[in-house]
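One file, my_file-v7.cif, is given below (mmCIF, C-alpha atoms).
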```cif
data_protein
#
loop_
_atom_site.label_atom_id
_atom_site.label_comp_id
_atom_site.auth_asym_id
_atom_site.auth_seq_id
_atom_site.Cartn_x
_atom_site.Cartn_y
_atom_site.Cartn_z
CA MET A 26 0.00 0.00 0.00
CA LYS A 27 1.27 3.49 -0.86
CA ARG A 28 2.08 5.53 2.21
CA SER A 29 0.81 9.11 2.41
CA HIS A 30 3.46 11.79 2.02
CA VAL A 31 3.65 15.08 3.92
CA SER A 32 5.41 17.75 1.86
CA VAL A 33 7.80 20.35 3.26
CA ASN A 34 5.15 23.04 2.80
CA SER A 35 2.42 21.15 4.69
CA THR A 36 1.66 21.55 8.38
CA PRO A 37 2.69 18.33 10.18
CA GLY A 38 1.93 20.00 13.49
CA ASN A 39 -1.73 20.18 12.57
CA ILE A 40 -1.70 16.56 11.47
CA LEU A 41 -0.13 15.52 14.78
CA THR A 42 -2.71 17.58 16.68
CA LYS A 43 -5.48 15.86 14.77
CA MET A 44 -4.05 12.45 15.72
CA THR A 45 -3.64 13.43 19.35
CA GLU A 46 -7.12 14.89 19.65
CA SER A 47 -8.96 12.10 17.81
CA LYS A 48 -10.93 10.11 20.36
CA ALA A 49 -13.40 7.23 20.47
CA ASN A 50 -15.99 5.95 22.91
CA LEU A 51 -15.12 2.44 24.04
CA ILE A 52 -16.60 -0.16 26.38
CA GLU A 53 -13.63 -2.40 27.17
CA ILE A 54 -10.12 -3.48 26.20
CA PHE A 55 -9.16 -7.04 27.13
CA SER A 56 -7.28 -10.17 26.09
CA SER A 57 -9.03 -13.40 25.17
CA ALA A 58 -9.39 -16.01 22.42
CA GLN A 59 -11.52 -15.43 19.34
CA GLY A 60 -14.73 -17.41 19.75
CA GLU A 61 -16.24 -17.29 16.25
CA GLY A 62 -15.48 -18.06 12.63
CA PRO A 63 -12.39 -19.53 10.97
CA PHE A 64 -10.05 -17.67 13.37
CA VAL A 65 -11.59 -19.35 16.39
CA GLY A 66 -9.08 -19.96 19.16
CA TYR A 67 -6.59 -17.27 18.13
CA LYS A 68 -5.36 -15.08 20.97
CA GLN A 69 -6.49 -11.48 20.43
CA ILE A 70 -6.81 -8.15 22.17
CA PHE A 71 -10.41 -7.00 21.90
CA VAL A 72 -11.24 -3.30 21.63
CA ARG A 73 -15.01 -2.99 22.03
CA PHE A 74 -16.61 0.17 20.63
CA THR A 75 -19.89 1.68 21.83
CA GLY A 76 -22.90 2.11 19.59
CA CYS A 77 -24.59 0.08 16.87
CA ASN A 78 -26.86 0.96 13.97
CA LEU A 79 -28.72 -2.35 14.42
CA ASN A 80 -30.35 -4.11 17.36
CA CYS A 81 -30.37 -7.85 16.72
CA ASN A 82 -32.34 -10.24 18.91
CA TYR A 83 -29.37 -12.56 19.49
CA CYS A 84 -26.89 -9.80 20.41
CA ASP A 85 -25.20 -10.58 23.74
CA THR A 86 -23.31 -7.27 24.06
CA ASP A 87 -24.17 -4.13 25.99
CA TYR A 88 -22.86 -1.47 23.59
CA ALA A 89 -24.45 1.58 25.22
CA ALA A 90 -22.23 4.61 25.77
CA GLN A 91 -20.67 4.86 29.22
CA GLU A 92 -18.45 7.25 31.14
CA THR A 93 -15.54 4.88 31.66
CA VAL A 94 -13.75 2.05 29.86
CA ASN A 95 -12.82 -1.26 31.49
CA VAL A 96 -9.18 -2.07 30.68
CA GLU A 97 -7.72 -5.45 31.65
CA THR A 98 -4.51 -5.02 33.64
CA HIS A 99 -2.78 -8.03 32.03
CA PRO A 100 -3.92 -10.93 29.81
CA TYR A 101 -6.54 -13.28 31.27
CA SER A 102 -6.41 -11.58 34.66
CA GLN A 103 -10.06 -10.47 34.54
CA VAL A 104 -8.84 -7.58 36.72
CA PHE A 105 -9.79 -4.24 35.20
CA ASP A 106 -8.80 -0.64 35.60
CA LYS A 107 -11.18 2.13 34.62
CA ILE A 108 -10.20 4.99 32.33
CA ASP A 109 -12.30 7.88 31.13
CA ASN A 110 -14.20 8.00 27.83
CA PRO A 111 -13.55 9.12 25.17
CA VAL A 112 -10.14 7.50 24.56
CA SER A 113 -7.38 9.04 22.44
CA THR A 114 -5.25 7.08 19.97
CA GLU A 115 -2.24 7.67 22.22
CA THR A 116 -4.03 6.16 25.23
CA LEU A 117 -5.32 3.21 23.22
CA PHE A 118 -1.86 2.33 21.89
CA TYR A 119 -0.46 2.59 25.41
CA TYR A 120 -2.85 -0.08 26.71
CA LEU A 121 -2.54 -2.28 23.62
CA LYS A 122 1.23 -2.44 24.07
CA LYS A 123 0.83 -3.03 27.80
CA LEU A 124 -1.43 -6.04 27.16
CA ASP A 125 0.68 -7.37 24.27
CA ASN A 126 3.73 -7.92 26.42
CA PRO A 127 5.96 -9.53 25.29
CA ALA A 128 5.31 -8.08 21.82
CA GLY A 129 3.68 -10.53 19.44
CA LEU A 130 1.85 -12.41 22.19
CA HIS A 131 -1.46 -11.86 20.34
CA HIS A 132 -2.41 -12.79 16.81
CA SER A 133 -4.23 -9.50 16.16
CA ILE A 134 -6.30 -6.63 17.55
CA SER A 135 -10.03 -7.27 17.21
CA LEU A 136 -12.03 -4.09 16.64
CA THR A 137 -15.50 -5.10 17.72
CA GLY A 138 -18.68 -3.63 19.15
CA GLY A 139 -21.40 -2.65 18.75
CA GLU A 140 -20.32 -1.50 15.33
CA PRO A 141 -16.78 -0.08 15.11
CA LEU A 142 -17.40 1.59 11.73
CA LEU A 143 -19.75 4.08 13.38
CA GLN A 144 -16.51 5.69 14.59
CA SER A 145 -14.72 5.45 11.26
CA ASP A 146 -13.08 8.88 11.51
CA PHE A 147 -11.30 7.80 14.68
CA LEU A 148 -10.45 4.45 13.10
CA LYS A 149 -8.84 6.14 10.10
CA VAL A 150 -6.51 8.13 12.37
CA PHE A 151 -5.82 5.15 14.65
CA LEU A 152 -5.16 2.73 11.79
CA THR A 153 -3.00 5.16 9.85
CA GLU A 154 -0.83 5.61 12.92
CA ASN A 155 -0.77 1.86 13.47
CA PHE A 156 0.32 1.22 9.88
CA ALA A 157 3.11 3.79 10.13
CA LYS A 158 4.44 3.02 13.61
CA HIS A 159 3.04 0.12 15.58
CA LYS A 160 2.31 -2.67 13.05
CA PHE A 161 -0.41 -4.49 15.00
CA LYS A 162 -2.41 -6.86 12.79
CA ILE A 163 -5.99 -5.55 12.64
CA TYR A 164 -9.12 -7.75 12.67
CA LEU A 165 -12.33 -5.80 11.99
CA GLU A 166 -15.64 -7.28 13.16
CA THR A 167 -18.60 -5.59 11.46
CA ASN A 168 -22.28 -6.02 10.64
CA GLY A 169 -21.51 -5.30 6.98
CA THR A 170 -23.91 -2.42 6.37
CA LEU A 171 -21.76 0.76 6.42
CA CYS A 172 -20.06 0.77 3.01
CA ASN A 173 -18.96 4.42 2.97
CA GLU A 174 -17.31 4.07 6.36
CA LEU A 175 -15.56 0.87 5.30
CA GLU A 176 -14.05 2.62 2.27
CA LYS A 177 -12.24 5.04 4.61
CA ILE A 178 -10.22 2.31 6.32
CA ILE A 179 -10.32 -0.90 4.26
CA LYS A 180 -6.69 -0.61 3.08
CA LEU A 181 -5.51 -0.34 6.69
CA VAL A 182 -6.90 -3.63 8.02
CA ASN A 183 -5.64 -7.21 7.69
CA TYR A 184 -8.79 -9.22 8.39
CA VAL A 185 -12.52 -8.53 8.03
CA ALA A 186 -15.18 -10.61 9.79
CA MET A 187 -18.48 -9.55 8.20
CA ASP A 188 -22.02 -10.51 9.12
CA ILE A 189 -24.91 -11.04 6.74
CA LYS A 190 -27.89 -10.15 8.91
CA LEU A 191 -30.96 -12.34 8.42
CA PRO A 192 -34.45 -11.05 9.33
CA SER A 193 -35.35 -14.49 10.70
CA SER A 194 -32.61 -14.36 13.36
CA THR A 195 -32.27 -10.62 13.98
CA GLY A 196 -36.01 -10.23 14.59
CA LYS A 197 -36.06 -7.20 12.29
CA ILE A 198 -38.41 -6.52 9.40
CA SER A 199 -35.79 -4.43 7.59
CA GLU A 200 -33.46 -6.21 5.19
CA HIS A 201 -29.86 -5.32 4.32
CA TRP A 202 -29.16 -7.38 1.22
CA HIS A 203 -28.03 -4.46 -0.94
CA GLU A 204 -25.82 -3.04 1.84
CA HIS A 205 -24.21 -6.44 2.33
CA LYS A 206 -23.62 -6.96 -1.38
CA ASN A 207 -22.09 -3.49 -1.74
CA PHE A 208 -19.99 -4.01 1.39
CA LEU A 209 -18.49 -7.19 -0.05
CA LYS A 210 -17.81 -5.39 -3.32
CA VAL A 211 -15.89 -2.67 -1.45
CA ILE A 212 -13.69 -5.33 0.14
CA SER A 213 -13.12 -7.13 -3.16
CA ASP A 214 -12.45 -3.91 -5.13
CA ASN A 215 -9.96 -2.64 -2.53
CA LYS A 216 -8.38 -5.93 -1.70
CA LYS A 217 -4.66 -5.65 -1.04
CA ALA A 218 -2.14 -8.44 -0.92
CA GLY A 219 -2.58 -10.46 2.23
CA ILE A 220 -6.01 -9.26 3.38
CA GLU A 221 -8.32 -12.05 4.50
CA TYR A 222 -12.06 -11.90 5.01
CA PHE A 223 -15.02 -14.12 5.65
CA VAL A 224 -18.79 -13.87 5.94
CA LYS A 225 -20.86 -15.13 8.84
CA SER A 226 -24.63 -15.59 9.28
CA VAL A 227 -26.49 -16.52 12.46
CA LEU A 228 -29.16 -19.12 11.69
CA ASN A 229 -32.15 -20.38 13.64
CA ASN A 230 -35.03 -22.70 12.82
CA ASP A 231 -36.85 -19.92 10.94
CA PHE A 232 -34.15 -19.60 8.25
CA SER A 233 -35.94 -19.48 4.89
CA ASP A 234 -35.33 -20.33 1.24
CA TYR A 235 -35.69 -16.61 0.49
CA GLU A 236 -32.80 -15.83 2.84
CA LEU A 237 -30.69 -18.66 1.45
CA HIS A 238 -31.06 -17.32 -2.10
CA ASN A 239 -30.21 -13.80 -0.95
CA ILE A 240 -27.05 -15.00 0.80
CA VAL A 241 -25.95 -16.53 -2.50
CA TRP A 242 -26.80 -13.26 -4.29
CA CYS A 243 -24.77 -11.21 -1.79
CA MET A 244 -21.80 -13.57 -1.89
CA ALA A 245 -21.56 -13.17 -5.66
CA SER A 246 -19.77 -9.87 -4.90
CA SER A 247 -17.02 -11.65 -2.96
CA ASP A 248 -13.90 -13.35 -4.22
CA ALA A 249 -14.09 -17.05 -5.01
CA GLY A 250 -13.17 -19.16 -2.00
CA VAL A 251 -14.21 -16.64 0.66
CA PRO A 252 -15.62 -18.72 3.55
CA LEU A 253 -19.26 -18.49 4.58
CA ILE A 254 -19.70 -19.46 8.24
CA LEU A 255 -23.09 -20.75 9.35
CA GLN A 256 -23.35 -19.97 13.05
CA PRO A 257 -26.22 -21.61 14.97
CA ASP A 258 -28.22 -19.18 17.10
CA THR A 259 -27.60 -20.39 20.67
CA SER A 260 -30.94 -19.05 21.91
CA ASN A 261 -32.92 -20.78 19.14
CA PRO A 262 -30.63 -23.34 17.49
CA PRO A 263 -31.72 -24.93 14.21
CA GLU A 264 -32.29 -28.64 14.05
CA PRO A 265 -28.98 -30.37 13.19
CA LEU A 266 -30.24 -32.05 10.01
CA LYS A 267 -31.70 -28.75 8.79
CA LEU A 268 -28.34 -27.10 9.31
CA LEU A 269 -26.56 -29.81 7.31
CA HIS A 270 -29.17 -29.57 4.56
CA TRP A 271 -28.73 -25.79 4.29
CA GLN A 272 -24.96 -26.22 4.14
CA GLU A 273 -25.31 -28.74 1.31
CA ARG A 274 -27.55 -26.40 -0.69
CA LEU A 275 -25.26 -23.42 -0.20
CA LEU A 276 -22.22 -25.46 -1.27
CA LYS A 277 -23.77 -25.74 -4.74
CA HIS A 278 -23.14 -22.00 -5.15
CA ILE A 279 -20.40 -21.08 -2.64
CA ASN A 280 -17.07 -22.92 -2.56
CA ASP A 281 -16.42 -22.83 1.19
CA VAL A 282 -19.35 -23.17 3.64
CA ARG A 283 -18.62 -24.20 7.23
CA ILE A 284 -20.72 -24.75 10.36
CA ILE A 285 -18.96 -23.19 13.36
CA PRO A 286 -20.77 -22.46 16.65
CA GLN A 287 -19.84 -19.72 19.11
CA THR A 288 -17.15 -21.57 21.04
CA HIS A 289 -16.81 -18.98 23.81
CA LYS A 290 -20.38 -19.80 24.86
CA ILE A 291 -19.51 -23.50 25.00
CA THR A 292 -16.24 -23.05 26.90
CA SER A 293 -17.34 -20.03 28.99
CA ILE A 294 -14.17 -18.21 27.90
CA PRO A 295 -14.83 -14.47 28.45
#
```
Starting from the coordinates I provided, produce the structure as structure tokens.
Amino acid sequence: MKRSHVSVNSTPGNILTKMTESKANLIEIFSSAQGEGPFVGYKQIFVRFTGCNLNCNYCDTDYAAQETVNVETHPYSQVFDKIDNPVSTETLFYYLKKLDNPAGLHHSISLTGGEPLLQSDFLKVFLTENFAKHKFKIYLETNGTLCNELEKIIKLVNYVAMDIKLPSSTGKISEHWHEHKNFLKVISDNKKAGIEYFVKSVLNNDFSDYELHNIVWCMASSDAGVPLILQPDTSNPPEPLKLLHWQERLLKHINDVRIIPQTHKITSIP
């Protein structure tokens, strides 16, 4: 990726001020193992952002704004300090390096939520600084609906974990097929060497043929071989034979379809 260049006549002081003053509202920063998708089991630092543009029935996260952020003192301690919201890039990097000690202990930094892309302006500053100085691998978890925000930062991330939201499992009447298709096209069009991404859908017993066909339609915008993860809804799991049948049908159109449950709910890993 081409690095941005600051000319002699530009004002680097203003750029530095912008970086220093850029802040985000967070919920928590902690170390754990990834519990979903093809990266399940990898050790990550999770940075959980407040806010979401959706409100899915199966969501198990409190993403409401709060005055302070819980920051784990060291990996797996489950002992947390509290720092004030909003958090600057400088503060965030300080705690990321403190948790990733020795350096390289974690596979990547998971930006999760809520929906991290709601704070895309902060992410652009944070990720630009990371690319230039810190070199953490970045794993973006997103609901796959905010295409314009994704375009701001897509070349600065290493991994994208994207949801396709199904009305049958989210409990919502609204559908997001076009947003999802466009989101996948943004990833494919801006794909740089080494970026990896996958698509995940939460399924319950109410999963329909209409939704199956629309998943196939959305995935047509992705690169061949991009995994589709079928994740059983733990609160209303589909019948096992139904799940296998849906996988078989999807495999006629999508090269890589896997059934992977939420392992952190099985193991009780936080």
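For the set A:Asn215, A:Leu181, A:Pro262, A:Val94, the residue with the smallest atom-to-atom gap to Ala157 in chain A is A:Leu181, counting all atoms listed in the file.
Our summary of the geometry notes that CA of Val150 in chain A is positioned 7.8 Å from CA of Thr114 in chain A.
Taking CA of Ile189 in chain A and CA of Ala58 in chain A as endpoints, the distance between them is 22.6 Å.
Counting only C-alpha atoms and comparing A:Val96, A:Ile179, A:Val65, A:Cys243, the residue that lies closest to Ile294 in chain A is A:Val65.
Put simply, CA of Asp125 in chain A is 25.8 Å away from CA of Leu143 in chain A.
Comparing A:Ile178, A:Gly169, A:Lys48, A:Glu53 by their smallest distance to Glu115 in chain A, the closest is A:Lys48 (using all atoms listed in the file).
Closest to Lys206 in chain A among A:Glu92, A:Glu221, A:Asp146, A:Asp248 is A:Asp248, based on only C-alpha atoms.
Within the 9 Å cut-off around Ala49 in chain A, using only C-alpha atoms and omitting residues fewer than 2 positions from it on the same chain, the listed residues are Ser47, Leu51, Phe74, Thr75, Asn110, Pro111, Val112, Ser113, Thr114, Gln144, Phe147 and Leu148 of chain A.
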* Residues at most 12 Å from Ala249 in chain A, counting all atoms listed in the file, excluding those fewer than 4 positions away in the same chain, as a ChimeraX atom specification? -> /A:209,213,222-223,244-245,253,278-282
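Of the listed residues A:Leu268, A:Ile108, A:Ile212, A:Leu124, the one whose atoms come nearest to Asp231 in chain A is A:Leu268, with distances taken using all atoms listed in the file.
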Show me, as a PDB file with C-alpha atoms, in the frame of the given file, the residues that have an atom within 9 Å of Thr167 in chain A when counting all atoms listed in the file, minus same-chain residues fewer than 2 positions from it.
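Result file follows (out_7.pdb):
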```pdb
ATOM      1  CA  LEU A 136     -12.030  -4.090  16.640  1.00  0.00           C
ATOM      2  CA  THR A 137     -15.500  -5.100  17.720  1.00  0.00           C
ATOM      3  CA  GLY A 138     -18.680  -3.630  19.150  1.00  0.00           C
ATOM      4  CA  GLY A 139     -21.400  -2.650  18.750  1.00  0.00           C
ATOM      5  CA  GLU A 140     -20.320  -1.500  15.330  1.00  0.00           C
ATOM      6  CA  PRO A 141     -16.780  -0.080  15.110  1.00  0.00           C
ATOM      7  CA  LEU A 142     -17.400   1.590  11.730  1.00  0.00           C
ATOM      8  CA  LEU A 165     -12.330  -5.800  11.990  1.00  0.00           C
ATOM      9  CA  GLY A 169     -21.510  -5.300   6.980  1.00  0.00           C
ATOM     10  CA  THR A 170     -23.910  -2.420   6.370  1.00  0.00           C
ATOM     11  CA  LEU A 171     -21.760   0.760   6.420  1.00  0.00           C
ATOM     12  CA  VAL A 185     -12.520  -8.530   8.030  1.00  0.00           C
ATOM     13  CA  ALA A 186     -15.180 -10.610   9.790  1.00  0.00           C
ATOM     14  CA  MET A 187     -18.480  -9.550   8.200  1.00  0.00           C
ATOM     15  CA  ASP A 188     -22.020 -10.510   9.120  1.00  0.00           C
TER      16      ASP A 188
END
```
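Applied to the shown file, the PyMOL selection byres ((chain A and resi 103) around 12) selects the residues Glu53, Ile54, Phe55, Ser56, Ser57, Asn95, Val96, Glu97, Thr98, His99, Pro100, Tyr101, Ser102, Val104, Phe105, Asp106, Ile294 and Pro295 of chain A.
Using the PyMOL selection byres ((chain A and resi 194) around 9) on this structure selects Cys81, Asn82, Tyr83, Lys190, Leu191, Pro192, Ser193, Thr195, Gly196, Lys197, Val227, Leu228, Asn229, Asn230, Asp231, Phe232, Asp258 and Asn261 of chain A.
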